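Enquirer: Dropping in upload.txt, with compact mmCIF, C-alpha atoms.
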# COMPACT_ATOMS: atom_id res chain seq x y z
CA MET A 20 110.26 69.05 131.19
CA SER A 21 112.63 71.81 130.46
CA VAL A 22 112.17 73.93 127.39
CA ALA A 23 114.93 75.31 125.21
CA ARG A 24 115.31 79.04 125.60
CA MET A 25 117.31 81.75 123.98
CA ILE A 26 120.41 82.75 125.88
CA SER A 27 122.87 85.49 125.18
CA LEU A 28 126.50 85.03 126.21
CA THR A 29 129.59 87.20 126.05
CA VAL A 30 132.38 85.10 124.58
CA ASN A 31 135.78 86.60 123.78
CA GLY A 32 134.20 90.05 123.93
CA GLU A 33 131.44 89.22 121.44
CA THR A 34 127.75 88.77 122.22
CA LEU A 35 126.55 85.42 120.91
CA GLU A 36 123.08 83.92 121.03
CA ALA A 37 121.82 80.35 121.03
CA THR A 38 118.61 78.52 121.80
CA VAL A 39 119.49 75.75 124.23
CA GLU A 40 118.06 73.52 126.90
CA PRO A 41 119.12 74.50 130.43
CA ARG A 42 121.00 71.21 130.78
CA LYS A 43 123.37 71.96 127.89
CA LEU A 44 127.00 72.17 129.01
CA LEU A 45 128.89 75.38 128.36
CA ALA A 46 131.52 73.28 126.57
CA ASP A 47 128.91 71.91 124.16
CA VAL A 48 127.37 75.32 123.45
CA LEU A 49 130.81 76.78 122.73
CA ARG A 50 131.61 73.95 120.32
CA GLU A 51 128.27 73.12 118.72
CA ASP A 52 126.35 76.40 118.76
CA PHE A 53 129.21 78.89 118.50
CA GLY A 54 131.69 76.81 116.46
CA LEU A 55 134.48 77.49 118.96
CA THR A 56 135.98 74.01 118.81
CA GLY A 57 139.27 74.94 120.47
CA THR A 58 137.67 74.09 123.81
CA HIS A 59 138.09 70.31 124.00
CA VAL A 60 135.83 67.88 125.81
CA GLY A 61 137.49 64.95 127.55
CA CYS A 62 135.93 63.42 130.64
CA GLU A 63 132.81 65.55 131.15
CA HIS A 64 133.09 65.35 134.93
CA GLY A 65 135.78 67.82 135.85
CA VAL A 66 138.77 65.52 136.08
CA CYS A 67 140.79 65.99 132.87
CA GLY A 68 140.83 69.78 132.52
CA ALA A 69 140.67 69.73 128.69
CA CYS A 70 137.59 72.00 128.64
CA THR A 71 139.03 74.70 130.93
CA VAL A 72 137.97 78.23 129.92
CA LEU A 73 137.96 81.52 131.79
CA ILE A 74 134.79 82.74 133.48
CA ASP A 75 135.20 86.40 134.44
CA ASP A 76 138.97 85.89 134.00
CA GLN A 77 139.16 82.88 136.34
CA PRO A 78 139.77 79.30 135.16
CA ALA A 79 136.79 76.96 135.25
CA ARG A 80 135.62 73.68 133.78
CA ALA A 81 133.22 74.27 130.89
CA CYS A 82 131.84 70.73 131.46
CA LEU A 83 130.75 71.56 135.03
CA THR A 84 128.99 74.72 133.95
CA TYR A 85 125.68 74.91 132.14
CA ALA A 86 125.68 77.55 129.44
CA ILE A 87 122.50 79.12 130.83
CA GLN A 88 124.37 79.93 134.04
CA MET A 89 126.78 82.13 132.12
CA GLU A 90 124.42 84.91 131.09
CA GLY A 91 125.91 88.10 132.48
CA HIS A 92 129.41 86.62 132.73
CA GLU A 93 132.39 86.93 130.42
CA ILE A 94 133.74 83.77 128.85
CA THR A 95 137.23 83.61 127.38
CA THR A 96 138.29 80.62 125.26
CA ILE A 97 141.52 79.53 123.62
CA GLU A 98 140.45 81.32 120.43
CA ALA A 99 141.11 84.65 122.18
CA VAL A 100 144.68 83.77 123.22
CA GLY A 101 147.48 85.15 121.07
CA GLY A 102 146.61 86.84 117.80
CA THR A 103 148.74 86.98 114.72
CA ASP A 104 151.56 86.01 117.11
CA LEU A 105 151.56 83.28 119.72
CA SER A 106 151.29 84.31 123.37
CA PRO A 107 154.48 83.87 125.43
CA LEU A 108 152.99 80.71 126.93
CA GLN A 109 152.02 79.28 123.54
CA ARG A 110 155.49 80.09 122.22
CA ALA A 111 157.18 78.41 125.18
CA LEU A 112 155.05 75.27 124.80
CA HIS A 113 156.11 75.14 121.14
CA GLU A 114 159.80 75.69 121.88
CA GLU A 115 159.97 73.30 124.83
CA HIS A 116 158.00 70.57 123.06
CA GLY A 117 155.24 70.88 125.67
CA LEU A 118 152.68 69.11 123.53
CA GLN A 119 152.40 66.16 121.24
CA CYS A 120 148.83 65.33 120.21
CA GLY A 121 147.64 68.69 121.53
CA PHE A 122 144.29 67.53 122.88
CA CYS A 123 144.94 68.75 126.43
CA THR A 124 146.81 71.89 125.34
CA PRO A 125 143.93 74.43 125.17
CA GLY A 126 142.90 73.57 128.74
CA ILE A 127 146.48 73.86 129.92
CA ILE A 128 146.92 77.22 128.21
CA MET A 129 143.71 78.66 129.67
CA THR A 130 144.65 77.46 133.17
CA PHE A 131 148.13 78.94 133.01
CA GLU A 132 147.23 82.19 131.25
CA ALA A 133 145.17 82.94 134.39
CA PHE A 134 147.72 81.51 136.80
CA LEU A 135 150.70 83.42 135.35
CA ARG A 136 148.69 86.65 135.35
CA ASP A 137 148.12 86.25 139.11
CA THR A 138 151.44 84.52 139.93
CA PRO A 139 154.16 86.05 137.76
CA ASP A 140 157.06 84.36 139.57
CA PRO A 141 155.93 80.82 140.41
CA SER A 142 158.12 78.07 141.82
CA GLU A 143 158.33 74.73 140.04
CA ASP A 144 156.22 73.28 142.87
CA ASP A 145 153.51 75.90 142.27
CA VAL A 146 153.46 75.02 138.58
CA ARG A 147 153.24 71.30 139.27
CA ASP A 148 150.42 71.86 141.75
CA VAL A 149 148.37 73.80 139.20
CA LEU A 150 149.25 71.37 136.39
CA SER A 151 147.79 68.52 138.48
CA GLY A 152 144.40 69.73 137.25
CA ASN A 153 145.13 68.94 133.60
CA LEU A 154 145.73 65.43 132.33
CA CYS A 155 148.20 64.91 129.49
CA ARG A 156 148.82 61.41 128.19
CA CYS A 157 151.65 62.25 125.79
CA THR A 158 154.33 64.43 127.28
CA GLY A 159 155.02 63.11 130.76
CA TYR A 160 154.54 66.73 131.94
CA GLN A 161 158.26 67.62 132.27
CA ASN A 162 158.28 69.75 129.13
CA ILE A 163 155.03 71.47 130.10
CA VAL A 164 156.53 72.48 133.45
CA ALA A 165 159.65 73.76 131.66
CA ALA A 166 157.48 75.70 129.20
CA VAL A 167 155.37 77.37 131.90
CA LEU A 168 158.49 78.44 133.82
CA LYS A 169 160.00 79.77 130.59
CA ALA A 170 156.81 81.67 129.78
CA ALA A 171 156.82 83.18 133.27
CA ARG A 172 160.38 84.45 132.71
CA THR A 173 159.46 85.87 129.31
CA ILE A 174 156.38 87.63 130.64
CA ARG A 175 158.40 89.15 133.51
CA GLU A 176 161.11 90.35 131.10
CA GLU A 177 158.63 91.79 128.61
CA ARG A 178 156.78 93.67 131.32
CA PRO A 179 157.60 97.39 131.25
CA MET B 24 127.57 62.13 130.39
CA LYS B 25 124.89 64.71 129.80
CA PRO B 26 122.50 65.57 132.61
CA ALA B 27 118.81 64.70 132.50
CA SER B 28 116.49 67.61 131.76
CA PHE B 29 115.87 70.18 134.44
CA ASP B 30 114.21 73.54 134.77
CA TYR B 31 116.62 76.30 135.68
CA HIS B 32 116.06 79.02 138.26
CA ARG B 33 118.37 81.86 139.08
CA PRO B 34 117.19 83.66 142.22
CA GLN B 35 118.69 87.06 142.93
CA THR B 36 118.26 87.01 146.70
CA LEU B 37 118.50 84.46 149.49
CA ASP B 38 114.78 84.86 150.21
CA ALA B 39 113.94 84.13 146.58
CA ALA B 40 116.15 81.02 146.66
CA LEU B 41 114.50 79.78 149.87
CA GLY B 42 111.09 80.45 148.33
CA LEU B 43 111.94 78.31 145.29
CA LEU B 44 113.29 75.50 147.46
CA ALA B 45 110.13 75.55 149.57
CA ARG B 46 107.92 75.61 146.49
CA PHE B 47 109.53 72.66 144.69
CA GLY B 48 110.56 70.63 147.74
CA GLU B 49 112.22 67.32 146.92
CA ARG B 50 112.01 68.00 143.19
CA ALA B 51 114.57 70.81 143.49
CA LYS B 52 118.29 70.88 144.21
CA PRO B 53 120.44 73.94 144.83
CA ILE B 54 123.73 74.25 142.93
CA ALA B 55 126.62 76.33 144.26
CA GLY B 56 130.05 75.91 142.60
CA GLY B 57 128.93 72.66 141.01
CA GLN B 58 132.34 70.99 141.27
CA SER B 59 130.89 67.91 142.99
CA PHE B 60 127.24 68.22 142.09
CA GLY B 61 128.00 68.95 138.41
CA PRO B 62 129.62 65.52 137.93
CA MET B 63 126.67 63.91 139.73
CA LEU B 64 124.26 65.65 137.36
CA ASN B 65 126.34 64.77 134.28
CA MET B 66 126.51 61.12 135.34
CA ARG B 67 122.80 61.23 136.20
CA LEU B 68 123.44 60.16 139.77
CA ALA B 69 121.21 63.14 140.56
CA ARG B 70 118.18 64.05 138.45
CA PRO B 71 116.45 67.04 139.99
CA GLU B 72 113.51 68.50 138.09
CA HIS B 73 114.49 71.99 139.20
CA LEU B 74 117.99 73.36 139.56
CA ILE B 75 118.24 76.41 141.82
CA ASP B 76 121.44 78.31 140.98
CA LEU B 77 122.89 80.08 144.03
CA ASN B 78 125.70 81.82 142.16
CA ASP B 79 124.03 85.24 142.08
CA LEU B 80 123.75 85.33 145.90
CA VAL B 81 126.74 87.63 146.35
CA GLU B 82 125.44 88.37 149.85
CA LEU B 83 126.78 84.91 150.80
CA ASP B 84 130.29 85.56 149.45
CA PHE B 85 132.20 87.18 152.33
CA ILE B 86 134.93 86.76 154.92
CA ARG B 87 134.37 88.69 158.17
CA VAL B 88 136.67 88.75 161.14
CA SER B 89 135.59 89.84 164.61
CA GLU B 90 137.49 89.67 167.88
CA ALA B 91 136.61 86.04 168.56
CA MET B 92 135.27 84.70 165.28
CA LEU B 93 135.99 84.22 161.61
CA GLU B 94 132.76 84.07 159.64
CA VAL B 95 132.85 82.83 156.05
CA GLY B 96 129.84 83.04 153.74
CA ALA B 97 128.63 79.83 152.14
CA MET B 98 129.20 81.04 148.57
CA THR B 99 132.83 81.98 149.22
CA ARG B 100 135.07 80.12 146.77
CA HIS B 101 137.84 77.87 148.10
CA HIS B 102 140.49 79.93 146.31
CA ARG B 103 139.46 83.02 148.25
CA VAL B 104 139.50 81.15 151.57
CA ALA B 105 142.95 79.77 150.68
CA THR B 106 144.43 83.15 149.73
CA ALA B 107 142.65 85.86 151.77
CA PRO B 108 145.12 87.37 154.29
CA GLU B 109 142.37 87.75 156.92
CA ALA B 110 141.59 84.01 156.74
CA ALA B 111 145.28 83.09 156.98
CA ARG B 112 145.70 85.35 160.04
CA SER B 113 142.64 84.27 161.99
CA HIS B 114 142.50 80.58 161.01
CA PRO B 115 145.63 79.41 159.19
CA LEU B 116 144.50 75.76 159.38
CA LEU B 117 141.36 76.57 157.38
CA ALA B 118 143.33 78.48 154.74
CA ALA B 119 145.97 75.76 154.41
CA ALA B 120 143.35 73.03 154.06
CA ALA B 121 141.39 75.02 151.45
CA ALA B 122 144.56 75.32 149.35
CA THR B 123 144.64 71.50 148.96
CA ILE B 124 141.09 71.10 147.62
CA GLY B 125 140.87 69.60 144.12
CA HIS B 126 142.80 71.64 141.58
CA TYR B 127 143.40 75.31 140.81
CA ALA B 128 140.40 75.66 138.48
CA ILE B 129 138.18 73.63 140.83
CA ARG B 130 139.08 75.91 143.77
CA HIS B 131 138.03 78.94 141.75
CA ARG B 132 134.47 77.60 141.46
CA GLY B 133 133.91 75.30 144.46
CA THR B 134 132.38 76.90 147.54
CA LEU B 135 132.62 76.41 151.30
CA GLY B 136 128.86 75.91 151.74
CA GLY B 137 128.70 73.48 148.84
CA SER B 138 131.49 71.36 150.23
CA LEU B 139 129.88 71.22 153.69
CA ALA B 140 126.39 70.40 152.40
CA HIS B 141 127.82 67.75 150.04
CA ALA B 142 129.68 66.15 153.01
CA ASP B 143 132.12 63.86 151.28
CA PRO B 144 133.76 61.85 154.11
CA ALA B 145 137.24 62.59 152.77
CA ALA B 146 136.73 66.30 152.07
CA GLN B 147 138.80 69.03 153.72
CA MET B 148 136.12 71.54 154.76
CA PRO B 149 134.00 69.16 156.89
CA LEU B 150 137.15 67.99 158.70
CA VAL B 151 138.31 71.52 159.47
CA ALA B 152 134.81 72.57 160.58
CA VAL B 153 134.64 69.66 163.02
CA ILE B 154 138.10 70.04 164.55
CA SER B 155 137.60 73.81 164.87
CA GLY B 156 134.34 73.52 166.77
CA ALA B 157 132.75 75.62 164.02
CA ARG B 158 129.04 76.40 163.91
CA LEU B 159 127.06 76.37 160.68
CA VAL B 160 124.39 78.96 160.09
CA LEU B 161 121.37 77.48 158.29
CA GLN B 162 118.42 79.35 156.87
CA GLY B 163 115.01 78.24 155.75
CA LEU B 164 111.80 80.13 155.14
CA SER B 165 110.82 79.43 158.75
CA GLY B 166 113.96 81.05 160.11
CA ARG B 167 117.61 80.81 161.00
CA ARG B 168 119.34 78.27 163.21
CA GLU B 169 122.89 77.40 164.16
CA ILE B 170 124.29 73.91 164.49
CA ALA B 171 127.67 72.60 165.65
CA ALA B 172 129.66 71.06 162.81
CA SER B 173 130.02 67.85 164.82
CA ASP B 174 126.19 67.53 164.88
CA PHE B 175 125.72 68.59 161.26
CA PHE B 176 127.49 65.61 159.65
CA LYS B 177 125.37 62.49 160.06
CA SER B 178 126.84 59.97 157.63
CA VAL B 179 128.33 59.71 154.16
CA MET B 180 126.92 62.69 152.20
CA THR B 181 124.16 63.01 154.78
CA VAL B 182 123.75 66.16 156.87
CA ASP B 183 121.28 67.74 159.28
CA LEU B 184 119.73 70.04 156.70
CA ALA B 185 115.95 70.17 156.62
CA GLU B 186 114.08 70.37 153.33
CA GLY B 187 114.23 73.94 152.09
CA GLU B 188 117.19 74.91 154.26
CA LEU B 189 120.51 76.26 152.99
CA VAL B 190 123.87 76.66 154.67
CA THR B 191 124.46 80.43 154.64
CA SER B 192 127.70 80.85 156.58
CA VAL B 193 130.15 79.20 158.96
CA LEU B 194 131.43 80.62 162.25
CA TYR B 195 134.94 79.50 163.21
CA PRO B 196 136.42 80.44 166.59
CA ARG B 197 139.69 82.21 165.74
CA LEU B 198 142.81 80.24 166.56
CA PRO B 199 144.76 81.53 169.57
CA ILE B 200 147.89 83.42 168.57
CA ASN B 201 150.13 80.69 170.06
CA ALA B 202 148.19 77.82 168.50
CA GLY B 203 150.05 75.02 166.80
CA TRP B 204 148.25 73.59 163.83
CA ALA B 205 148.79 71.30 160.85
CA PHE B 206 146.88 69.77 157.98
CA GLU B 207 148.28 66.67 156.31
CA LEU B 208 146.73 64.72 153.49
CA PHE B 209 147.65 61.64 151.49
CA SER B 210 146.08 60.87 148.14
CA ARG B 211 147.35 58.76 145.27
CA ARG B 212 147.23 61.69 142.87
CA ARG B 213 147.43 65.40 143.68
CA GLY B 214 143.93 66.83 143.87
CA ASP B 215 142.16 63.53 144.52
CA PHE B 216 140.09 63.08 147.65
CA ALA B 217 142.21 62.03 150.62
CA VAL B 218 142.91 58.40 151.46
CA VAL B 219 143.56 59.87 154.90
CA ALA B 220 143.59 63.51 156.06
CA VAL B 221 144.75 64.62 159.50
CA ALA B 222 144.13 67.96 161.20
CA VAL B 223 145.79 68.97 164.47
CA LEU B 224 145.19 71.96 166.75
CA LEU B 225 147.08 72.40 170.01
CA THR B 226 148.32 74.95 172.50
CA LEU B 227 151.24 74.83 174.95
CA ASP B 228 151.64 76.80 178.16
CA ASP B 229 154.62 79.06 178.94
CA ALA B 230 156.62 76.12 180.23
CA GLY B 231 156.04 74.15 177.02
CA ARG B 232 153.50 71.80 178.62
CA LEU B 233 150.50 70.63 176.63
CA GLU B 234 147.41 72.71 177.37
CA ASP B 235 144.97 71.58 174.77
CA LEU B 236 145.08 69.08 171.90
CA HIS B 237 142.65 68.20 169.14
CA VAL B 238 143.24 65.63 166.43
CA ALA B 239 140.66 64.85 163.76
CA LEU B 240 140.82 62.42 160.84
CA GLY B 241 139.16 62.50 157.44
CA GLY B 242 138.67 59.68 154.95
CA VAL B 243 138.62 56.95 157.58
CA ALA B 244 134.96 56.99 158.67
CA PRO B 245 131.56 58.12 157.30
CA VAL B 246 132.04 61.55 158.93
CA PRO B 247 135.12 63.44 160.18
CA LEU B 248 136.39 61.67 163.27
CA ARG B 249 137.46 63.73 166.27
CA LEU B 250 139.63 61.60 168.56
CA ASP B 251 139.24 61.38 172.33
CA LEU B 252 142.85 61.70 173.42
CA SER B 253 142.39 61.96 177.19
CA ALA B 254 144.04 58.55 177.70
CA VAL B 255 147.26 59.35 175.83
CA ALA B 256 147.55 63.11 175.93
CA PRO B 257 146.67 64.50 179.37
CA SER B 258 147.25 68.23 179.66
CA GLY B 259 150.50 69.09 181.44
CA VAL B 260 152.59 66.57 179.56
CA ILE B 261 155.73 67.86 177.86
CA PRO B 262 155.44 66.54 174.30
CA ASP B 263 158.53 64.76 172.99
CA ASP B 264 159.20 62.27 170.20
CA THR B 265 158.06 59.28 172.26
CA TRP B 266 154.80 61.08 173.03
CA ILE B 267 154.29 61.92 169.35
CA GLU B 268 154.74 58.27 168.46
CA ALA B 269 152.32 57.10 171.17
CA VAL B 270 149.59 59.54 170.12
CA SER B 271 150.07 58.62 166.44
CA GLU B 272 149.82 54.92 167.20
CA PHE B 273 146.70 55.61 169.28
CA ALA B 274 145.17 57.50 166.31
CA ALA B 275 145.90 54.58 163.97
CA GLN B 276 144.30 52.12 166.39
CA SER B 277 141.24 54.36 166.88
CA ILE B 278 139.96 53.80 163.38
CA ALA B 279 138.14 50.86 161.84
CA PRO B 280 138.64 51.59 158.15
CA GLU B 281 137.15 49.70 155.25
CA ASP B 282 139.33 46.93 153.88
CA THR B 283 139.36 47.17 150.10
CA VAL B 284 141.56 45.82 147.34
CA GLN B 285 142.68 49.35 146.43
CA ILE B 286 143.29 50.49 150.00
CA PRO B 287 143.72 47.71 152.58
CA ALA B 288 142.79 48.67 156.15
CA VAL B 289 146.34 48.07 157.34
CA PHE B 290 147.63 50.60 154.81
CA ARG B 291 145.11 53.24 155.92
CA ARG B 292 146.23 52.68 159.52
CA GLU B 293 149.87 53.09 158.57
CA VAL B 294 149.13 56.28 156.66
CA THR B 295 147.10 57.56 159.62
CA ALA B 296 150.02 56.94 161.99
CA SER B 297 152.60 58.58 159.75
CA LEU B 298 150.48 61.62 158.87
CA THR B 299 149.53 62.13 162.52
CA GLN B 300 153.18 61.97 163.49
CA LYS B 301 154.06 64.58 160.91
CA ALA B 302 151.10 66.81 161.84
CA LEU B 303 151.91 66.69 165.57
CA ALA B 304 155.58 67.54 164.95
CA THR B 305 154.62 70.45 162.69
CA SER B 306 152.03 71.73 165.17
CA LEU B 307 154.48 71.61 168.08
CA ALA B 308 157.11 73.43 166.05
CA ARG B 309 154.59 76.13 165.07
CA SER B 310 153.34 76.56 168.63
CA ARG B 311 156.88 76.81 170.04
CA LYS B 312 157.82 79.32 167.36
CA ALA B 313 154.73 81.43 168.09
CA SER B 314 155.50 81.44 171.83
CA ALA B 315 159.22 82.20 171.41
Would you write out, as structure tokens, the structure that this file holds?
Expert:
Amino acid sequence: MSVARMISLTVNGETLEATVEPRKLLADVLREDFGLTGTHVGCEHGVCGACTVLIDDQPARACLTYAIQMEGHEITTIEAVGGTDLSPLQRALHEEHGLQCGFCTPGIIMTFEAFLRDTPDPSEDDVRDVLSGNLCRCTGYQNIVAAVLKAARTIREERP
Amino acid sequence: MKPASFDYHRPQTLDAALGLLARFGERAKPIAGGQSFGPMLNMRLARPEHLIDLNDLVELDFIRVSEAMLEVGAMTRHHRVATAPEAARSHPLLAAAAATIGHYAIRHRGTLGGSLAHADPAAQMPLVAVISGARLVLQGLSGRREIAASDFFKSVMTVDLAEGELVTSVLYPRLPINAGWAFELFSRRRGDFAVVAVAVLLTLDDAGRLEDLHVALGGVAPVPLRLDLSAVAPSGVIPDDTWIEAVSEFAAQSIAPEDTVQIPAVFRREVTASLTQKALATSLARSRKASA
């Protein structure tokens, strides 16, 4: 039998502690122990992408990661995106009507914040390939693709 | 959708990991990227008492190129294999296939060694290992051994890995500079496992005659299927459209796929023929371009 132990994680630059069983998903620790409910839980087996967060700046499923594995790594969640203002990607999703119910949106934002950082000038095909990892049942995806391409343009223009 | 309880171990060296695997035997399971094994744990299809996390074994995360070989460490993530210039130069087929695995976030976590040890019959990495004549390096407490990829895969999710052994790296012969290659995959949704995947490797001589041809199929049998093409593709032939069609038809007739409601056998054969046709044409074009 596994015993709950204290773990210490770096989330959005802060050190947070929780006492959890080793089997507890990162997504559940973020939501239940740390109160960071912006990370959504959909399918719990890696298909829907709703729980996508950044691990050491790279996108990853928080449902396929056990929180205990993340000691020594840096987690970034949707709560760290934007500030008083929306990020260019958040703004573009708003302007292009890239969300309706919003359930899938945090996962999409985390995926594309990382993707646009590494791929500042993506083709529409690139965007659609990456978006294949996030299920959205409202929008039909067209407006999300338009929003990501718009955000890419904005980020390129705003870059010094 | 929550895993059963397990004890968690996080070894810092390969030796420590092998020691833990030897100590707990069948009660332990290693986890690499966890993109296939994580779902199995969450759905309780696997219930190990001990989970051995390999993610701190940075010594197994590498890409090395020598004159004849490309060696990739087992803990190398698919995204790195797909995007590293040295992989694209020495084995473009491997890099191209890695870029089609799962989704962007999945490729950032999933590993080469994990994919090979998991051995899904429709997965990209087993298929590429088999068609490339790659050798897997395995390590246990009792020592190191190498095994040909074609001997490693035994059946659906069943490999020649002894208790306590781990895949530590894979040795791929580098593709010749004039090699033609292609990787084609059909799935109903981008990122799903392939209904059929086709890999082709070939070389032509200076006169454009076929020197060497390998075709392997994924998703159509319990393990990647390397076709014996001696009957339809003798070396010396000048490949044209009729030849492409004959080889593709031969590939489609070489398989005995499952007949299911979702994917009838006749459909899988048709997809096999059309993907093979496309892959052969692409490979020939690449080889001719490289020789020009």
Enquirer: Can you work out the spacing between CA of Glu115 (chain A) and CA of Ala170 (chain A) in Å, to one decimal?
Expert: 10.2 Å
Enquirer: Do a neighbour search on region 136-146 of chain B at 6 Å with all atoms listed in the file, toss out local chain neighbours closer than 4 positions, and write the hits as a count of residues only.
Expert: 11
Enquirer: Produce a table with one row for each residue of chain B that has an atom at most 9 Å from any atom of chain A, each row naming the nearest atom pair and its distance in Å at one decimal; use only C-alpha atoms; arrange rows by chain and rising residue number; format as a Markdown table.
Expert:
| residue | atom | partner | partner_atom | distance |
| --- | --- | --- | --- | --- |
| B:Met24 | CA | A:Glu63 | CA | 6.3 |
| B:Lys25 | CA | A:Arg42 | CA | 7.6 |
| B:Pro26 | CA | A:Arg42 | CA | 6.1 |
| B:Ala27 | CA | A:Arg42 | CA | 7.1 |
| B:Ser28 | CA | A:Ser21 | CA | 5.9 |
| B:Phe29 | CA | A:Ser21 | CA | 5.4 |
| B:Asp30 | CA | A:Ser21 | CA | 4.9 |
| B:Tyr31 | CA | A:Pro41 | CA | 6.1 |
| B:Arg33 | CA | A:Gln88 | CA | 8.1 |
| B:Gly56 | CA | A:Leu83 | CA | 8.8 |
| B:Gly57 | CA | A:Leu83 | CA | 6.3 |
| B:Gln58 | CA | A:Leu83 | CA | 6.5 |
| B:Ser59 | CA | A:Gly65 | CA | 8.7 |
| B:Phe60 | CA | A:Leu83 | CA | 8.6 |
| B:Gly61 | CA | A:Leu83 | CA | 5.1 |
| B:Pro62 | CA | A:His64 | CA | 4.6 |
| B:Met63 | CA | A:His64 | CA | 8.1 |
| B:Asn65 | CA | A:His64 | CA | 6.8 |
| B:Met66 | CA | A:His64 | CA | 7.8 |
| B:Glu72 | CA | A:Met20 | CA | 7.6 |
| B:His73 | CA | A:Ser21 | CA | 8.9 |
| B:Asp76 | CA | A:Gln88 | CA | 7.7 |
| B:Asn78 | CA | A:Gln88 | CA | 8.4 |
| B:Gly125 | CA | A:Gly152 | CA | 7.7 |
| B:His126 | CA | A:Gly152 | CA | 5.0 |
| B:Tyr127 | CA | A:Val149 | CA | 5.4 |
| B:Ala128 | CA | A:Pro78 | CA | 5.0 |
| B:Ile129 | CA | A:Ala79 | CA | 6.6 |
| B:Arg130 | CA | A:Ala79 | CA | 8.9 |
| B:His131 | CA | A:Gln77 | CA | 6.8 |
| B:Arg132 | CA | A:Ala79 | CA | 6.7 |
| B:Arg212 | CA | A:Ser151 | CA | 8.1 |
| B:Arg213 | CA | A:Ser151 | CA | 6.1 |
| B:Gly214 | CA | A:Ser151 | CA | 6.8 |
Enquirer: What lies within 12 Å of Ser165 (chain B) using all atoms listed in the file, ignoring chain neighbours under 5 positions off, as a ChimeraX atom specification?
Expert: /B:38,41-42,45,185-189
Enquirer: Just give me the residues with any atom within 9 Å of (153.3, 69.8, 177.5), file coordinates, counting all atoms listed in the file, written as number ranges by chain.
Expert: B: 226-228, 230-235, 256-263
Enquirer: One decimal, in Å: what's the spacing between CA of Ala220 (chain B) and CA of Ala118 (chain B)?
Expert: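 A separation of 15.0 Å between them.
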Enquirer: What's around Cys157 (chain A) at 12 Å? Count all atoms listed in the file, leave out sequence neighbours fewer than 6 positions away in its own chain, and write the answer as a ChimeraX atom specification.
Expert: /A:116-124,163
Enquirer: With only C-alpha atoms as the counted atoms, please give the residues lying no more than 12 Å from Phe290 (chain B), apart from itself and same-chain residues fewer than 4 positions off, as a list in words.
Expert: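 Once the nearby chain positions are removed, what remains is Phe209, Val218, Val219, Val243, Ala275, Ile278, Ala279, Pro280, Glu281, Asp282, Thr283, Val284, Gln285, Ile286, Val294, Thr295, Ala296 and Ser297 of chain B.
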Enquirer: Saving region 56-67 of chain B with N, CA and C atoms, as a short mmCIF file (atom, residue, chain, number, x, y, z; two decimals), in the first residue's frame, what would that file be?
Expert:
data_model
loop_
_atom_site.label_atom_id
_atom_site.label_comp_id
_atom_site.auth_asym_id
_atom_site.auth_seq_id
_atom_site.Cartn_x
_atom_site.Cartn_y
_atom_site.Cartn_z
N GLY B 56 7.71 8.16 -20.60
CA GLY B 56 6.89 9.36 -20.82
C GLY B 56 5.48 9.22 -20.29
N GLY B 57 5.02 7.99 -20.19
CA GLY B 57 3.70 7.73 -19.61
C GLY B 57 2.52 8.06 -20.52
N GLN B 58 2.78 8.26 -21.81
CA GLN B 58 1.67 8.67 -22.68
C GLN B 58 0.81 7.49 -23.14
N SER B 59 1.33 6.28 -23.03
CA SER B 59 0.51 5.08 -23.23
C SER B 59 0.26 4.35 -21.92
N PHE B 60 1.31 4.31 -21.10
CA PHE B 60 1.16 3.58 -19.84
C PHE B 60 0.31 4.36 -18.83
N GLY B 61 0.36 5.69 -18.88
CA GLY B 61 -0.47 6.52 -18.00
C GLY B 61 -1.96 6.19 -18.16
N PRO B 62 -2.47 6.20 -19.40
CA PRO B 62 -3.87 5.80 -19.59
C PRO B 62 -4.15 4.39 -19.07
N MET B 63 -3.22 3.47 -19.26
CA MET B 63 -3.44 2.10 -18.77
C MET B 63 -3.53 2.07 -17.24
N LEU B 64 -2.70 2.90 -16.59
CA LEU B 64 -2.76 2.99 -15.13
C LEU B 64 -4.09 3.63 -14.70
N ASN B 65 -4.45 4.74 -15.37
CA ASN B 65 -5.67 5.46 -14.98
C ASN B 65 -6.90 4.58 -15.17
N MET B 66 -6.90 3.75 -16.20
CA MET B 66 -8.04 2.88 -16.46
C MET B 66 -7.92 1.55 -15.71
N ARG B 67 -6.86 1.44 -14.94
CA ARG B 67 -6.57 0.24 -14.14
C ARG B 67 -6.43 -1.02 -14.99
#
